[in-house]
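Student: After the structure tokens below, expect a handful of questions from me.
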Amino acid sequence: MKTYELIEHTADIGIRVKGSDLKELFRNAAAAMFDIIAEKKEPEIKKQAEIKIKQKADNLEELFVNWLNELLSLSATKELIFSGFQINKVDKNTLQAVAMGEDIKNYKVNTEIKAATYHELKLEKSSGGWQAEVIFDV
Amino acid sequence: MSDIWQGPLEKIDDYRWRIPKSYKPGMRVPGIIYADEKLLKDIRHDKALEQVANVAFLPGIVNASLAMPDIHWGYGFSIGGVAATDIEQGGVISPGGVGFDINCGVRMLKTNFQYEEIKDRIKDLVYTLFSDVPAGVGSKGDIRVSAREEKEILFKGSKWAVDKGYGTEEDLECTEEYGAIQGADPSCVSDRAYERGKAQSGTLGSGNHFLEIQVIDQLYDRDICDEFELTLGQVTIMIHSGSRGLGYQVCDDYTKSMIHCLQKYNINVPDRQLACAPVNSPEGKNYLGAMKCAANYAWANRQCLMHLTRKVFEKVFGMPWEKMGMYLIYDVAHNIAKLEKYIIDDKEKTLCVHRKGATRAFGPGHPALPPRYKKTGQPVIIPGDMGRNSYLLVGTQKAIEETFGSTCHGAGRLKSRTAATKSINLDALLKELESKGIMVKASGRGTIVEEAPEAYKDVNEVVNVVHNVGISKRVCRMRPLGVIKG
């Protein structure tokens, strides 16, 4: 089941994503981003790399964008597609996580996302947990 | 997106519209949109006009926040936006006003083939180009560079490629900034950006980037066509690409750091993606140093792509590229910020001109132009969509006076990628293109649908506006024959 929906944007791609808590929100947003980027060619999962990620920011919204952009950047330099995310700690200023990635060759890449942007960025607590909206430059 | 923008829009004349400064408290100048009534109807359908108003908040902005007729909703700046800031008056530079794909741009080269002579070879050319020119997401090229060489690319731009044997000195003369903007500072580029740019030289990339074989189907200014040696039915080539991962990382790094500058320099902007710093601040200077590196990387990249294209033609036709007349007409950047001099209120001022989806369009006699284009004005290359037309224009004095030497950059998107994917059938589209004599090869099937002609405005209407306003002048029009997409 998809944990995100697409938001219409003329040139780029936006997503609306939910999570029962902040950890799940960050995890679902990252999974949604890589779901847009690539699809698996082979069913079996060979975990090939685990990367520790630490981020700091002035506020939660910036932390959220930094997290997504750090993943895009690592994906490009390490030639990995990330499919698993473990969020060990997230508060308003810091994030500690581990991203599990596989060789990009195991995937069919559909869309290049250049970056997550701050434009119309929304991150809010709702009745059922957390919701975020973010627009990607593609 | 179905919401129609409700802000105030005053008609100046048939092609110019104003968002008054009074629209939002904090706007320092009005917004001016270049469009006709028909284009404006589409423009109102997304948030582009709100973004034009938001850009008017930038400290030091001069005259107006401008929008070209291909304007559409971006992030921070609209795509098709031009903003100039006065650096002596605390004028700012914004990475969002350049975009992630720094020096995304386009080059056009000619051949001495007539369409009739090679119409049976288009298929061979398209297949060979598709196999020999690396394209697609994160594609890597055969042109591999060491870390030391990558630094050299950031300084030397296209000249690096020419020194390697991938082109000639004449190519440099036919490139904006001669293929290397001065003042690039590799020490301002992060290690991550270096790493992200590695192995991507000489690759097309994906999305709207392309390589097209085209044919000239309409001449407008016969004198300039004669000057450029262009005739009806002549085959030309267009290459659209940018700075790839290196540029994205530079933009990301500096947007992040400039968000802190908003508080530090007491800057009020309504969108964090407009994060900026005074051009003369340490942060502004560092961004400029890094942005120029990414710009040079992009010029080197397009030079390498042109080299690969010439090699493909040599392979298919078995003769040297010079004999096929594959000379570069010009290469322009359409995502960049430049320090340029303009007369403002009778005084010469150095302005930081942001062109976010806009093309430089210097008129005849401008000192930045090479001798060969001094008389005609700068060639301006406007790619359209894969099913209709592209244009060659020249810059004008009017552009210098009115739009900080700028004009449009393309057709401009009309439909979102998701909407295009929902409404367009790939096989029907390919058949339709084929019936028009257009052959398309792309690494991803999705790309063709997302980039379908109906997802774009009609470039003919866009060019009509800039020509009639006089901020550039039509030279000739091309239509596509073969298209390679990422």
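Ligands are numbered from 1 in the order shown, chains are lettered A, B, ... in the order of the structure tokens, and residues start at 1 in each chain.
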If we count only C-alpha atoms, which residues of chain A reach to within 10 Å of chain B? Please list them as a ChimeraX atom specification.
Tutor: /A:6-14,37-38,57-58,62,65-66,69-70,72-79,104,108-121,135-138
Student: For the selection just defined, write its residues with C-alpha atoms to a file, as a compact mmCIF listing (two decimals), in the first residue's frame.
Tutor:
```txt
# COMPACT_ATOMS: atom_id res chain seq x y z
CA LEU A 6 1.36 12.87 -5.51
CA ILE A 7 0.60 16.59 -5.51
CA GLU A 8 0.12 18.28 -8.88
CA HIS A 9 2.88 20.70 -9.88
CA THR A 10 3.47 22.08 -13.39
CA ALA A 11 7.12 21.20 -13.77
CA ASP A 12 8.07 19.14 -10.79
CA ILE A 13 6.74 16.43 -8.50
CA GLY A 14 5.25 16.99 -5.07
CA ILE A 37 13.08 7.41 -8.47
CA ALA A 38 13.34 3.70 -9.17
CA ALA A 57 19.07 21.89 11.45
CA ASP A 58 17.48 24.96 13.00
CA GLU A 62 14.71 22.12 7.47
CA VAL A 65 14.53 18.63 3.69
CA ASN A 66 18.14 18.06 4.74
CA ASN A 69 18.69 15.82 0.18
CA GLU A 70 21.38 13.93 2.07
CA LEU A 72 19.75 11.93 -2.78
CA SER A 73 23.33 13.04 -2.57
CA LEU A 74 24.50 9.73 -1.06
CA SER A 75 22.45 7.81 -3.59
CA ALA A 76 24.25 9.61 -6.42
CA THR A 77 27.77 9.36 -5.07
CA LYS A 78 27.57 5.78 -3.76
CA GLU A 79 25.43 4.59 -6.69
CA ILE A 104 21.60 0.91 -8.40
CA LYS A 108 15.22 0.36 -13.16
CA VAL A 109 15.60 4.08 -12.66
CA ASN A 110 12.55 6.07 -13.77
CA THR A 111 12.98 9.63 -12.59
CA GLU A 112 15.90 11.77 -11.63
CA ILE A 113 15.12 13.87 -8.56
CA LYS A 114 17.63 16.71 -8.37
CA ALA A 115 16.63 17.86 -4.90
CA ALA A 116 13.91 18.35 -2.31
CA THR A 117 12.98 22.04 -2.10
CA TYR A 118 11.70 24.33 0.65
CA HIS A 119 9.03 25.74 -1.67
CA GLU A 120 5.54 25.21 -0.16
CA LEU A 121 7.07 22.84 2.35
CA ILE A 135 8.11 19.47 -3.78
CA PHE A 136 11.01 17.85 -5.59
CA ASP A 137 12.93 19.42 -8.45
CA VAL A 138 12.95 16.82 -11.22
```
Student: Apply DSSP to the backbone of this structure and, from segment 295-326 of chain B, keep only the residues in alpha helix (DSSP H); write these as a PyMOL selection string.
Tutor: chain B and resi 295-317
Student: Using backbone DSSP assignments, extract all strand (DSSP E) residues from segment 103-137 of chain A; output them as a list of chain:residue names.
Tutor: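 For segment 103-137 of chain A, the strand (DSSP E) set is A:Asp103, A:Tyr107, A:Lys108, A:Val109, A:Ala115, A:Ala116, A:Lys122, A:Leu123, A:Glu124, A:Lys125, A:Ser126, A:Gly129, A:Trp130, A:Gln131, A:Ala132, A:Glu133, A:Val134, A:Ile135, A:Phe136, A:Asp137.
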Student: Quote the spacing between atom CA of Thr309 of chain B and atom CA of Met439 of chain B in Å to one decimal place.
Tutor: 16.8 Å
Student: Work out how far atom CA of Leu129 of chain B is from atom CA of Lys441 of chain B, in Å to one decimal.
Tutor: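 Answer for the atom CA of Lys441 of chain B to atom CA of Leu129 of chain B separation: 9.4 Å.
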Student: Hey, what's within 6 Å of segment 393-407 of chain B if we count only C-alpha atoms and toss same-chain stuff fewer than 5 positions away? As a short mmCIF file (atom, residue, chain, number, x, y, z; two decimals) with C-alpha atoms, in the first residue's frame, please?
Tutor:
```cif
data_model
loop_
_atom_site.label_atom_id
_atom_site.label_comp_id
_atom_site.auth_asym_id
_atom_site.auth_seq_id
_atom_site.Cartn_x
_atom_site.Cartn_y
_atom_site.Cartn_z
CA ALA B 358 15.74 32.77 -19.34
CA THR B 359 18.39 33.37 -22.00
CA ARG B 360 20.91 36.15 -22.42
CA ALA B 361 20.03 38.16 -25.55
CA PHE B 362 22.71 40.81 -26.12
CA GLY B 363 22.17 43.05 -29.11
CA GLY B 377 23.64 40.40 -32.17
CA GLN B 378 24.04 37.27 -30.08
CA PRO B 379 22.46 34.06 -31.35
CA VAL B 380 19.70 32.95 -28.93
CA ILE B 471 13.59 41.73 -26.86
CA SER B 472 14.89 39.33 -29.49
CA LYS B 473 14.35 38.79 -33.17
CA ARG B 474 13.40 35.67 -35.14
CA VAL B 475 16.11 34.34 -37.48
#
```
Student: Just the number, please: distance in Å from atom CA of Asp124 of chain B to atom CA of Ile216 of chain B, one decimal.
Tutor: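 For atom CA of Asp124 of chain B relative to atom CA of Ile216 of chain B, the distance reads 20.2 Å.
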Student: For Tyr127 of chain B, work out the shell of residues within 12 Å, counting only C-alpha atoms and skipping chain neighbours fewer than 3 positions away, then give it as an MDAnalysis selection string.
Tutor: chainID B and resid 121:124 130:133 309 312:313 315:316 439:443 482:485
Student: Looking at B:Thr85, B:Asn112, B:Ser22, B:Asn286, which one is nearest to Met326 of chain B, with distances taken over only C-alpha atoms?
Tutor: B:Asn112
Student: Would you mind telling me which residue in B:Asp14, B:Glu152, B:Glu116, B:Glu177 lies nearest to Leu339 of chain B when using only C-alpha atoms?
Tutor: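 Residue with the minimum atom-to-atom distance to Leu339 of chain B: B:Glu177.
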Student: Using only C-alpha atoms, which residues sit within 8 Å of Leu204 of chain B once same-chain residues fewer than 5 positions away are excluded, as an MDAnalysis selection string?
Tutor: chainID B and resid 133:136 139 209:211 240:242 305 486
Student: For each of B:Val52, B:Lys338, B:Lys38, B:Arg355, take the minimum atom-to-atom distance to Arg18 of chain B, counting only C-alpha atoms, then give the residue where this is smallest.
Tutor: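 Of B:Val52, B:Lys338, B:Lys38, B:Arg355, the one nearest Arg18 of chain B, counting only C-alpha atoms, is B:Val52.
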